[in-house]
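Peer 1: Dropping in structure_39.tsv, with TSV, C-alpha atoms.
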chain	number	residue	atom	x	y	z
A	1	MET	CA	0.00	0.00	0.00
A	2	ALA	CA	1.57	3.27	-1.08
A	3	ASP	CA	1.17	6.66	0.57
A	4	ARG	CA	-2.24	7.87	-0.57
A	5	GLY	CA	-2.88	11.36	-1.90
A	6	PRO	CA	-6.15	13.34	-2.18
A	7	GLN	CA	-8.97	11.10	-3.40
A	8	MET	CA	-11.76	11.55	-0.86
A	9	SER	CA	-13.64	14.49	-2.35
A	10	ALA	CA	-17.01	12.72	-2.04
A	11	ILE	CA	-16.50	11.78	1.63
A	12	ARG	CA	-18.13	13.58	4.54
A	13	ALA	CA	-16.09	12.81	7.68
A	14	LEU	CA	-16.85	13.56	11.33
A	15	VAL	CA	-13.99	13.55	13.85
A	16	VAL	CA	-15.12	13.21	17.47
A	17	GLY	CA	-12.53	14.75	19.78
A	18	TYR	CA	-10.09	17.52	18.97
A	19	GLY	CA	-7.00	16.88	21.03
A	20	SER	CA	-3.68	16.28	19.31
A	21	ILE	CA	-4.74	13.04	17.62
A	22	GLY	CA	-8.16	14.41	16.64
A	23	ARG	CA	-6.52	17.44	15.02
A	24	ARG	CA	-4.18	15.13	13.16
A	25	HIS	CA	-7.00	13.01	11.75
A	26	SER	CA	-8.99	16.13	10.85
A	27	GLN	CA	-6.05	17.74	9.05
A	28	LEU	CA	-5.15	14.61	7.08
A	29	LEU	CA	-8.73	13.96	6.00
A	30	THR	CA	-9.12	17.61	4.97
A	31	GLU	CA	-5.87	17.47	2.97
A	32	SER	CA	-7.19	14.34	1.24
A	33	GLY	CA	-10.24	16.20	0.03
A	34	ALA	CA	-12.87	15.03	2.52
A	35	GLU	CA	-15.43	17.47	3.90
A	36	VAL	CA	-14.57	17.35	7.61
A	37	ALA	CA	-16.51	18.46	10.68
A	38	VAL	CA	-15.57	18.09	14.34
A	39	VAL	CA	-17.38	17.29	17.58
A	40	SER	CA	-15.57	18.93	20.48
A	41	ARG	CA	-16.06	20.95	23.63
A	42	ARG	CA	-13.10	23.05	22.47
A	43	GLY	CA	-12.86	25.56	19.67
A	44	GLU	CA	-15.38	27.54	17.67
A	45	GLY	CA	-17.19	25.96	14.75
A	46	ALA	CA	-17.33	22.49	16.31
A	47	TYR	CA	-20.49	20.55	17.03
A	48	ARG	CA	-21.12	20.15	20.74
A	49	SER	CA	-22.65	16.67	20.61
A	50	VAL	CA	-22.39	13.51	18.54
A	51	ALA	CA	-26.11	13.58	17.76
A	52	GLU	CA	-25.88	17.16	16.46
A	53	GLY	CA	-22.86	16.36	14.29
A	54	VAL	CA	-24.48	13.25	12.78
A	55	ALA	CA	-27.82	14.98	12.12
A	56	ASP	CA	-26.39	18.13	10.56
A	57	HIS	CA	-23.20	16.96	8.83
A	58	ARG	CA	-24.57	13.56	7.69
A	59	PRO	CA	-21.16	11.83	7.66
A	60	ASP	CA	-20.14	8.73	5.70
A	61	TYR	CA	-17.15	8.18	7.99
A	62	VAL	CA	-16.65	8.84	11.70
A	63	VAL	CA	-13.35	8.81	13.59
A	64	VAL	CA	-13.51	8.58	17.40
A	65	ALA	CA	-10.46	10.35	18.81
A	66	THR	CA	-11.49	11.26	22.36
A	67	GLU	CA	-9.75	10.08	25.54
A	68	THR	CA	-9.77	6.28	25.76
A	69	SER	CA	-12.13	6.34	28.73
A	70	ASP	CA	-14.72	8.15	26.56
A	71	HIS	CA	-14.69	5.79	23.56
A	72	ALA	CA	-17.50	3.52	24.74
A	73	ARG	CA	-19.83	6.46	25.42
A	74	VAL	CA	-19.20	7.98	21.98
A	75	VAL	CA	-19.78	4.66	20.17
A	76	ALA	CA	-23.01	4.16	22.13
A	77	GLU	CA	-24.17	7.68	21.15
A	78	LEU	CA	-23.42	6.98	17.49
A	79	ALA	CA	-25.50	3.81	17.72
A	80	ALA	CA	-28.33	5.62	19.52
A	81	CYS	CA	-28.66	8.29	16.84
A	82	GLY	CA	-28.75	5.69	14.06
A	83	TYR	CA	-25.38	6.28	12.43
A	84	GLY	CA	-24.69	3.33	10.12
A	85	GLY	CA	-21.59	4.34	8.15
A	86	ARG	CA	-17.91	3.51	8.53
A	87	LEU	CA	-16.32	3.89	11.95
A	88	ALA	CA	-12.69	4.06	13.07
A	89	VAL	CA	-12.02	4.15	16.83
A	90	GLU	CA	-8.62	5.31	18.07
A	91	LYS	CA	-6.61	2.67	19.89
A	92	PRO	CA	-7.23	1.05	22.24
A	93	LEU	CA	-10.88	0.32	21.51
A	94	PHE	CA	-12.06	0.88	25.11
A	95	ASP	CA	-10.38	1.34	28.49
A	96	ALA	CA	-11.68	-2.05	29.69
A	97	PRO	CA	-13.11	-5.15	27.98
A	98	GLY	CA	-16.83	-5.05	27.34
A	99	PRO	CA	-19.48	-5.66	24.69
A	100	PHE	CA	-19.52	-3.49	21.59
A	101	PRO	CA	-22.71	-1.38	21.68
A	102	TRP	CA	-24.00	-2.03	18.15
A	103	THR	CA	-23.31	-4.08	15.05
A	104	GLY	CA	-25.15	-1.79	12.61
A	105	PHE	CA	-22.10	0.10	11.35
A	106	ALA	CA	-21.07	-0.53	7.74
A	107	LYS	CA	-17.45	-1.16	8.80
A	108	VAL	CA	-15.64	-0.91	12.15
A	109	ALA	CA	-11.88	-0.80	12.65
A	110	VAL	CA	-9.60	0.10	15.53
A	111	ALA	CA	-7.00	2.70	14.56
A	112	TYR	CA	-3.73	0.84	14.94
A	113	PRO	CA	-2.01	2.64	12.04
A	114	LEU	CA	1.40	0.99	12.53
A	115	ARG	CA	-0.07	-1.99	10.67
A	116	CYS	CA	0.02	0.34	7.66
A	117	HIS	CA	3.74	1.15	8.09
A	118	PRO	CA	5.52	-0.01	4.89
A	119	ALA	CA	8.23	-1.86	6.85
A	120	LEU	CA	5.63	-3.89	8.73
A	121	MET	CA	3.56	-4.58	5.62
A	122	ALA	CA	6.74	-5.89	3.96
A	123	LEU	CA	7.56	-8.02	7.02
A	124	LYS	CA	4.04	-9.46	7.14
A	125	ALA	CA	4.25	-10.42	3.47
A	126	GLU	CA	7.71	-12.00	3.83
A	127	LEU	CA	6.78	-13.99	6.92
A	128	GLY	CA	3.96	-15.70	5.08
A	129	GLU	CA	3.30	-19.01	6.82
A	130	GLN	CA	6.70	-19.22	8.53
A	131	ARG	CA	6.50	-20.19	12.19
A	132	VAL	CA	8.18	-17.64	14.42
A	133	LEU	CA	10.27	-19.32	17.12
A	134	ALA	CA	10.98	-16.25	19.22
A	135	ALA	CA	9.95	-12.60	19.05
A	136	GLN	CA	10.75	-9.36	20.86
A	137	PHE	CA	8.76	-6.12	20.73
A	138	TYR	CA	10.11	-2.98	22.39
A	139	VAL	CA	8.84	0.59	22.61
A	140	GLY	CA	9.97	3.36	24.92
A	141	GLN	CA	9.67	7.13	24.94
A	142	TYR	CA	10.06	9.62	27.80
A	143	LEU	CA	6.55	10.84	28.57
A	144	PRO	CA	7.49	14.51	29.22
A	145	ASP	CA	8.83	14.65	25.62
A	146	TRP	CA	5.66	13.32	23.98
A	147	ARG	CA	3.74	16.55	23.53
A	148	PRO	CA	6.09	19.56	23.31
A	149	GLY	CA	4.73	22.66	24.98
A	150	ARG	CA	2.27	20.73	27.16
A	151	ASP	CA	2.79	19.61	30.75
A	152	TYR	CA	2.76	15.81	30.70
A	153	ARG	CA	0.93	15.78	34.05
A	154	ASP	CA	-2.10	17.39	32.37
A	155	THR	CA	-2.39	14.80	29.59
A	156	TYR	CA	-4.68	11.76	29.66
A	157	SER	CA	-1.57	9.54	29.53
A	158	ALA	CA	-0.79	10.53	33.13
A	159	HIS	CA	-4.19	9.46	34.47
A	160	ALA	CA	-5.41	5.89	34.79
A	161	ASP	CA	-9.06	6.99	35.05
A	162	GLN	CA	-8.80	8.56	31.59
A	163	GLY	CA	-7.38	5.40	30.03
A	164	GLY	CA	-3.74	6.45	30.30
A	165	GLY	CA	-0.69	4.29	31.00
A	166	VAL	CA	1.74	2.46	28.74
A	167	LEU	CA	-0.33	-0.70	28.50
A	168	ARG	CA	-3.10	1.19	26.70
A	169	ASP	CA	-1.16	4.12	25.22
A	170	LEU	CA	1.39	1.82	23.59
A	171	SER	CA	-0.91	-1.11	22.91
A	172	HIS	CA	0.24	-0.95	19.26
A	173	GLU	CA	2.82	-3.56	20.26
A	174	LEU	CA	0.16	-5.91	21.63
A	175	ASP	CA	-1.82	-5.57	18.42
A	176	LEU	CA	1.29	-6.10	16.27
A	177	ALA	CA	2.20	-9.24	18.24
A	178	ASN	CA	-1.26	-10.69	17.61
A	179	TRP	CA	-1.22	-9.59	13.95
A	180	LEU	CA	2.21	-11.04	13.15
A	181	LEU	CA	2.23	-14.08	15.46
A	182	GLY	CA	-1.44	-15.04	15.69
A	183	PRO	CA	-3.80	-14.56	18.65
A	184	TRP	CA	-2.27	-14.74	22.13
A	185	GLN	CA	-2.89	-17.97	24.04
A	186	ARG	CA	-1.41	-17.27	27.48
A	187	LEU	CA	0.79	-14.68	29.14
A	188	ALA	CA	2.61	-13.55	32.27
A	189	ALA	CA	3.40	-9.94	33.07
A	190	SER	CA	4.98	-7.45	35.42
A	191	GLY	CA	4.23	-3.76	35.35
A	192	GLY	CA	3.06	-0.67	37.16
A	193	HIS	CA	4.14	2.84	38.10
A	194	PHE	CA	7.81	2.44	39.00
A	195	SER	CA	9.42	5.80	38.15
A	196	ALA	CA	9.45	9.28	39.69
A	197	LEU	CA	7.13	10.62	36.98
A	198	GLU	CA	4.21	12.49	38.55
A	199	ILE	CA	1.48	10.26	37.15
A	200	ASP	CA	-0.95	7.70	38.56
A	201	SER	CA	-0.90	5.42	35.49
A	202	ASP	CA	1.51	2.59	34.69
A	203	ASP	CA	4.84	3.64	33.17
A	204	VAL	CA	6.46	0.21	32.65
A	205	PHE	CA	5.09	-3.12	31.48
A	206	ALA	CA	6.82	-6.34	30.46
A	207	ILE	CA	4.82	-9.23	29.00
A	208	LEU	CA	5.85	-12.78	28.18
A	209	SER	CA	3.30	-14.34	25.83
A	210	ARG	CA	2.63	-17.44	23.78
A	211	HIS	CA	0.87	-17.04	20.44
A	212	GLU	CA	-0.75	-19.27	17.85
A	213	ARG	CA	2.36	-19.12	15.65
A	214	CYS	CA	5.06	-18.32	18.21
A	215	PRO	CA	5.87	-20.10	21.49
A	216	ALA	CA	7.84	-17.26	23.08
A	217	ALA	CA	7.32	-13.51	22.66
A	218	THR	CA	8.36	-10.65	24.91
A	219	ILE	CA	6.70	-7.23	24.80
A	220	GLN	CA	8.26	-4.31	26.69
A	221	LEU	CA	6.60	-0.90	26.99
A	222	ASN	CA	7.72	2.19	28.91
A	223	TYR	CA	7.36	5.95	29.34
A	224	LEU	CA	11.03	6.22	30.38
A	225	ASP	CA	13.37	5.90	27.39
A	226	ARG	CA	15.10	9.26	26.80
A	227	ARG	CA	15.79	8.12	23.26
A	228	LEU	CA	12.65	7.11	21.35
A	229	ARG	CA	12.98	3.47	20.29
A	230	ARG	CA	10.47	1.16	18.62
A	231	THR	CA	11.88	-2.16	17.44
A	232	ILE	CA	10.80	-5.70	16.59
A	233	LEU	CA	13.01	-8.81	16.35
A	234	LEU	CA	11.66	-12.08	14.95
A	235	HIS	CA	13.45	-15.41	14.48
A	236	THR	CA	12.15	-18.24	12.29
A	237	ASP	CA	13.71	-21.53	11.19
A	238	HIS	CA	15.00	-19.75	8.09
A	239	HIS	CA	15.63	-16.08	8.86
A	240	SER	CA	16.01	-13.37	11.47
A	241	TYR	CA	14.17	-10.09	10.93
A	242	ALA	CA	14.76	-6.72	12.57
A	243	VAL	CA	12.39	-3.77	12.22
A	244	ASP	CA	13.24	-0.24	13.35
A	245	LEU	CA	10.03	1.79	13.28
A	246	VAL	CA	11.86	5.02	14.13
A	247	GLY	CA	14.40	4.52	11.34
A	248	HIS	CA	11.71	3.03	9.04
A	249	SER	CA	13.81	0.00	8.16
A	250	LEU	CA	13.50	-3.77	7.75
A	251	GLN	CA	16.57	-6.01	7.85
A	252	ARG	CA	16.73	-9.73	7.08
A	253	ASP	CA	19.65	-11.70	8.50
A	254	GLY	CA	22.90	-9.84	7.76
A	255	ASP	CA	21.61	-8.13	4.64
A	256	ALA	CA	21.70	-4.37	4.29
A	257	PRO	CA	18.56	-2.86	5.83
A	258	GLN	CA	15.77	-1.85	3.49
A	259	VAL	CA	14.93	1.75	4.40
A	260	PHE	CA	11.50	3.14	3.52
A	261	ALA	CA	11.22	6.81	2.60
A	262	ILE	CA	8.12	7.92	4.47
A	263	GLU	CA	7.02	10.78	6.69
A	264	ARG	CA	5.19	10.53	10.00
A	265	ASP	CA	1.68	10.70	8.53
A	266	THR	CA	2.14	8.07	5.81
A	267	TYR	CA	0.61	5.21	7.78
A	268	PHE	CA	-2.27	7.40	9.03
A	269	ARG	CA	-3.11	8.28	5.43
A	270	ASN	CA	-2.87	4.60	4.52
A	271	LEU	CA	-5.24	3.78	7.38
A	272	HIS	CA	-7.90	6.21	6.16
A	273	HIS	CA	-7.51	5.01	2.58
A	274	ALA	CA	-8.02	1.41	3.72
A	275	MET	CA	-11.15	2.40	5.65
A	276	LEU	CA	-12.66	4.17	2.67
A	277	SER	CA	-11.50	1.98	-0.23
A	278	GLY	CA	-12.39	-1.52	0.92
A	279	ASP	CA	-8.72	-2.56	1.11
A	280	ASP	CA	-9.07	-4.19	4.53
A	281	ALA	CA	-5.95	-6.40	4.63
A	282	HIS	CA	-4.06	-4.22	7.11
A	283	LEU	CA	-6.93	-2.96	9.25
A	284	CYS	CA	-7.45	-4.03	12.85
A	285	THR	CA	-10.93	-5.54	12.88
A	286	LEU	CA	-13.43	-5.16	15.70
A	287	ALA	CA	-12.75	-8.73	16.86
A	288	GLU	CA	-8.98	-8.09	16.87
A	289	GLY	CA	-9.46	-4.82	18.77
A	290	LEU	CA	-11.54	-6.61	21.40
A	291	ASN	CA	-8.86	-9.32	21.61
A	292	ALA	CA	-6.19	-6.67	22.27
A	293	MET	CA	-8.35	-5.31	25.11
A	294	ASP	CA	-8.61	-8.80	26.58
A	295	MET	CA	-4.81	-8.99	26.41
A	296	VAL	CA	-4.50	-5.66	28.27
A	297	ALA	CA	-6.83	-6.92	31.01
A	298	ALA	CA	-4.97	-10.24	31.24
A	299	ALA	CA	-1.61	-8.45	31.54
A	300	GLU	CA	-2.96	-6.28	34.39
A	301	CYS	CA	-4.34	-9.37	36.12
A	302	ALA	CA	-1.06	-11.24	35.71
A	303	ALA	CA	0.98	-8.29	36.99
A	304	ALA	CA	-1.24	-8.01	40.07
A	305	GLY	CA	-1.13	-11.70	40.97
A	306	VAL	CA	1.77	-13.32	39.16
A	307	ASP	CA	3.13	-16.46	40.83
A	308	TRP	CA	6.82	-15.56	40.94
A	309	GLN	CA	9.33	-18.39	40.88
A	310	LEU	CA	12.04	-17.73	43.47
A	311	PRO	CA	15.64	-18.98	43.52
A	312	PRO	CA	16.46	-21.59	46.17
A	313	LYS	CA	17.81	-20.30	49.47
A	314	GLN	CA	21.55	-20.47	49.96
A	315	GLY	CA	22.57	-24.05	50.66
A	316	GLU	CA	19.45	-25.57	49.10
A	317	SER	CA	19.42	-27.25	45.75
Taking this structure as input, can you express it in the form of structure tokens?
Peer 2:
Amino acid sequence: MADRGPQMSAIRALVVGYGSIGRRHSQLLTESGAEVAVVSRRGEGAYRSVAEGVADHRPDYVVVATETSDHARVVAELAACGYGGRLAVEKPLFDAPGPFPWTGFAKVAVAYPLRCHPALMALKAELGEQRVLAAQFYVGQYLPDWRPGRDYRDTYSAHADQGGGVLRDLSHELDLANWLLGPWQRLAASGGHFSALEIDSDDVFAILSRHERCPAATIQLNYLDRRLRRTILLHTDHHSYAVDLVGHSLQRDGDAPQVFAIERDTYFRNLHHAMLSGDDAHLCTLAEGLNAMDMVAAAECAAAGVDWQLPPKQGES
């Protein structure tokens, strides 16, 4: 899937939420030629309610980009006012597992746009039916650096009751593990708020998981890395693969890395194109989004009650 240019002139889009990610979706859809309206409590010219936006703007496509804790309410309001078009919900789907309010939407996807990163699309194609023997997913970025000019303590990421914390904020890696390795089958985890950051959400999580096509995967997420890193390592019977999502590269074995010339919005544009074109191969489906939420809940449960194996006391064998 190539970076998609303007070809949405017939689309009427409604973006619900106008924080940083809502503004990004709105800008990209506008640049692509869609007629965009916004539902937000902020800013002039925005609709103040979902029902008002649906009734007046009559959208074909809705993007939910509010705080994670608000996603379920917005989806329920869309269902209540009879909206039946295409729906993309920002990741993660909800802040806790639960039933999806309505099945009457034309198409539902969870916005995990890294699936549309060219390096990962190339990796997915090359893996084919290979069984992955071991896998490692890592992402870390220092939370105070995330949103320049804004105090990190005021962002939803800092607050568990708003759906913040690395396990949800950086759940891309959970989704990618399930997408590349097959659905998770069991896991163990350790995580929580371990640093001096002034937040009440989790800032570190480490997960050990078994998947349908991989017996051993590790997933590490944190708000602490002063150098942004996002990497994936996979080992099969035939090859080793390394992906650097900051450097936009894919390397197989000792070969020279294949570097993809993209900019930061390429995979977001690809996501919207997939939603509106019927090219669903790289979209996170509703079922997959719900499965990722189950994985989040299982990791929290495991971290709270994991049965640690201890080394023998000195002198014991």
Peer 1: Using atom CA of A:Ala46 and atom CA of A:Cys81 as the two end points, give the distance in Å to one decimal.
Peer 2: 18.2 Å
Peer 1: Quick one: which stretch 96-194 of chain A residues come within 12 Å of stretch 205-227 of chain A, and what is the nearest atom pair for each with the distance in Å to one decimal, counting only C-alpha atoms, rows ordered by chain and ascending number, as a tab-separated table?
Peer 2:
residue	atom	partner	partner_atom	distance
A:Leu127	CA	A:Arg213	CA	11.0
A:Gly128	CA	A:Arg213	CA	11.2
A:Glu129	CA	A:Arg213	CA	8.9
A:Gln130	CA	A:Arg213	CA	8.3
A:Arg131	CA	A:Arg213	CA	5.5
A:Val132	CA	A:Cys214	CA	5.0
A:Leu133	CA	A:Cys214	CA	5.4
A:Ala134	CA	A:Ala216	CA	5.1
A:Ala135	CA	A:Ala217	CA	4.6
A:Gln136	CA	A:Thr218	CA	4.9
A:Phe137	CA	A:Ile219	CA	4.7
A:Tyr138	CA	A:Gln220	CA	4.9
A:Val139	CA	A:Leu221	CA	5.1
A:Gly140	CA	A:Asn222	CA	4.7
A:Gln141	CA	A:Asp225	CA	4.6
A:Tyr142	CA	A:Leu224	CA	4.4
A:Leu143	CA	A:Tyr223	CA	5.0
A:Pro144	CA	A:Tyr223	CA	8.6
A:Asp145	CA	A:Arg226	CA	8.4
A:Trp146	CA	A:Tyr223	CA	9.3
A:Tyr152	CA	A:Tyr223	CA	11.0
A:Ser157	CA	A:Tyr223	CA	9.6
A:Ala158	CA	A:Tyr223	CA	10.1
A:Gly164	CA	A:Tyr223	CA	11.2
A:Gly165	CA	A:Tyr223	CA	8.4
A:Val166	CA	A:Asn222	CA	6.0
A:Leu167	CA	A:Phe205	CA	6.6
A:Arg168	CA	A:Leu221	CA	9.9
A:Asp169	CA	A:Leu221	CA	9.4
A:Leu170	CA	A:Leu221	CA	6.8
A:Ser171	CA	A:Leu221	CA	8.5
A:His172	CA	A:Leu221	CA	10.0
A:Glu173	CA	A:Ile219	CA	7.0
A:Leu174	CA	A:Ile219	CA	7.4
A:Asp175	CA	A:Ile219	CA	10.8
A:Leu176	CA	A:Ile219	CA	10.2
A:Ala177	CA	A:Ala217	CA	8.0
A:Asn178	CA	A:His211	CA	7.3
A:Trp179	CA	A:His211	CA	10.1
A:Leu180	CA	A:Arg213	CA	8.5
A:Leu181	CA	A:Arg213	CA	5.0
A:Gly182	CA	A:Glu212	CA	4.8
A:Pro183	CA	A:His211	CA	5.6
A:Trp184	CA	A:His211	CA	4.2
A:Gln185	CA	A:His211	CA	5.3
A:Arg186	CA	A:Arg210	CA	5.5
A:Leu187	CA	A:Ser209	CA	4.2
A:Ala188	CA	A:Leu208	CA	5.3
A:Ala189	CA	A:Ile207	CA	4.4
A:Ser190	CA	A:Ala206	CA	5.4
A:Gly191	CA	A:Phe205	CA	4.0
A:Gly192	CA	A:Phe205	CA	6.5
A:His193	CA	A:Phe205	CA	9.0
A:Phe194	CA	A:Phe205	CA	9.7
Peer 1: What is the atom CA of A:Thr155-atom CA of A:Ser201 distance in Å, reported with one decimal?
Peer 2: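 Going from atom CA of A:Thr155 over to atom CA of A:Ser201 covers 11.2 Å.
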Peer 1: Distance atom CA of A:Leu78-atom CA of A:Leu271, one decimal place?
Peer 2: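 We find that atom CA of A:Leu78 and atom CA of A:Leu271 lie 21.0 Å from each other.
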Peer 1: Scan for residues within 10 Å of the point (-17.8, -4.1, 24.1) in the coordinates of the file, using only C-alpha atoms, and reply as a PyMOL selection string.
Peer 2: chain A and resi 72+75-76+93-94+96-102+286-287+289-290+293
Peer 1: Taking 3 positions as the minimum chain separation for residues in the same chain, which residues sit within 10 Å of stretch 13-21 of chain A when counting only C-alpha atoms? Answer as a ChimeraX atom specification.
Peer 2: /A:8,10,24-27,29-30,34-43,46-50,53-54,57-67,70-71,74,86-90,147,155
Peer 1: Hey, which of A:Ala122, A:Gly278, A:Asp161, A:Tyr83 ends up closest to A:Phe105? Count only C-alpha atoms.
Peer 2: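 Checking each of A:Ala122, A:Gly278, A:Asp161, A:Tyr83 against A:Phe105, counting only C-alpha atoms, the winner is A:Tyr83.
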Peer 1: With a distance cut-off of 8 Å and all atoms listed in the file, select the neighbouring residues of A:Gly84, excluding the residue or stretch itself and same-chain residues fewer than 4 positions from it, and output the selection as a PDB file with C-alpha atoms, in the coordinates of the input.
Peer 2:
ATOM      1  CA  ALA A  79     -25.500   3.810  17.720  1.00  0.00           C
ATOM      2  CA  GLY A 104     -25.150  -1.790  12.610  1.00  0.00           C
ATOM      3  CA  PHE A 105     -22.100   0.100  11.350  1.00  0.00           C
ATOM      4  CA  ALA A 106     -21.070  -0.530   7.740  1.00  0.00           C
TER       5      ALA A 106
END
Peer 1: Starting from the sparse input, extend stretch 121-140 of chain A to N, CA and C atoms and give the output as an mmCIF file, keeping the file's coordinate frame.
Peer 2:
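Generated file (result_6.cif):
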data_model
loop_
_atom_site.group_PDB
_atom_site.id
_atom_site.type_symbol
_atom_site.label_atom_id
_atom_site.label_comp_id
_atom_site.auth_asym_id
_atom_site.auth_seq_id
_atom_site.Cartn_x
_atom_site.Cartn_y
_atom_site.Cartn_z
ATOM 1 N N MET A 121 4.284 -3.900 6.698
ATOM 2 C CA MET A 121 3.560 -4.580 5.620
ATOM 3 C C MET A 121 4.505 -5.495 4.850
ATOM 4 N N ALA A 122 5.752 -5.051 4.644
ATOM 5 C CA ALA A 122 6.740 -5.890 3.960
ATOM 6 C C ALA A 122 7.097 -7.102 4.811
ATOM 7 N N LEU A 123 7.252 -6.903 6.122
ATOM 8 C CA LEU A 123 7.560 -8.020 7.020
ATOM 9 C C LEU A 123 6.427 -9.036 7.023
ATOM 10 N N LYS A 124 5.194 -8.556 7.128
ATOM 11 C CA LYS A 124 4.040 -9.460 7.140
ATOM 12 C C LYS A 124 4.003 -10.307 5.876
ATOM 13 N N ALA A 125 4.260 -9.689 4.739
ATOM 14 C CA ALA A 125 4.250 -10.420 3.470
ATOM 15 C C ALA A 125 5.381 -11.448 3.413
ATOM 16 N N GLU A 126 6.567 -11.084 3.902
ATOM 17 C CA GLU A 126 7.710 -12.000 3.830
ATOM 18 C C GLU A 126 7.570 -13.162 4.800
ATOM 19 N N LEU A 127 6.963 -12.907 5.950
ATOM 20 C CA LEU A 127 6.780 -13.990 6.920
ATOM 21 C C LEU A 127 5.904 -15.090 6.342
ATOM 22 N N GLY A 128 4.861 -14.699 5.635
ATOM 23 C CA GLY A 128 3.960 -15.700 5.080
ATOM 24 C C GLY A 128 3.503 -16.680 6.133
ATOM 25 N N GLU A 129 3.719 -17.965 5.886
ATOM 26 C CA GLU A 129 3.300 -19.010 6.820
ATOM 27 C C GLU A 129 4.445 -19.491 7.701
ATOM 28 N N GLN A 130 5.592 -18.803 7.673
ATOM 29 C CA GLN A 130 6.700 -19.220 8.530
ATOM 30 C C GLN A 130 6.273 -19.203 9.994
ATOM 31 N N ARG A 131 6.731 -20.179 10.745
ATOM 32 C CA ARG A 131 6.500 -20.190 12.190
ATOM 33 C C ARG A 131 7.600 -19.388 12.859
ATOM 34 N N VAL A 132 7.207 -18.455 13.689
ATOM 35 C CA VAL A 132 8.180 -17.640 14.420
ATOM 36 C C VAL A 132 8.532 -18.358 15.716
ATOM 37 N N LEU A 133 9.814 -18.567 15.939
ATOM 38 C CA LEU A 133 10.270 -19.320 17.120
ATOM 39 C C LEU A 133 10.410 -18.428 18.337
ATOM 40 N N ALA A 134 10.815 -17.191 18.114
ATOM 41 C CA ALA A 134 10.980 -16.250 19.220
ATOM 42 C C ALA A 134 10.795 -14.835 18.674
ATOM 43 N N ALA A 135 10.235 -13.962 19.496
ATOM 44 C CA ALA A 135 9.950 -12.600 19.050
ATOM 45 C C ALA A 135 10.149 -11.627 20.199
ATOM 46 N N GLN A 136 10.560 -10.422 19.860
ATOM 47 C CA GLN A 136 10.750 -9.360 20.860
ATOM 48 C C GLN A 136 10.198 -8.056 20.311
ATOM 49 N N PHE A 137 9.327 -7.413 21.076
ATOM 50 C CA PHE A 137 8.760 -6.120 20.730
ATOM 51 C C PHE A 137 9.159 -5.129 21.823
ATOM 52 N N TYR A 138 9.692 -3.981 21.410
ATOM 53 C CA TYR A 138 10.110 -2.980 22.390
ATOM 54 C C TYR A 138 9.672 -1.595 21.938
ATOM 55 N N VAL A 139 9.114 -0.817 22.871
ATOM 56 C CA VAL A 139 8.840 0.590 22.610
ATOM 57 C C VAL A 139 9.060 1.363 23.900
ATOM 58 N N GLY A 140 9.748 2.481 23.775
ATOM 59 C CA GLY A 140 9.970 3.360 24.920
ATOM 60 C C GLY A 140 10.150 4.791 24.468
#
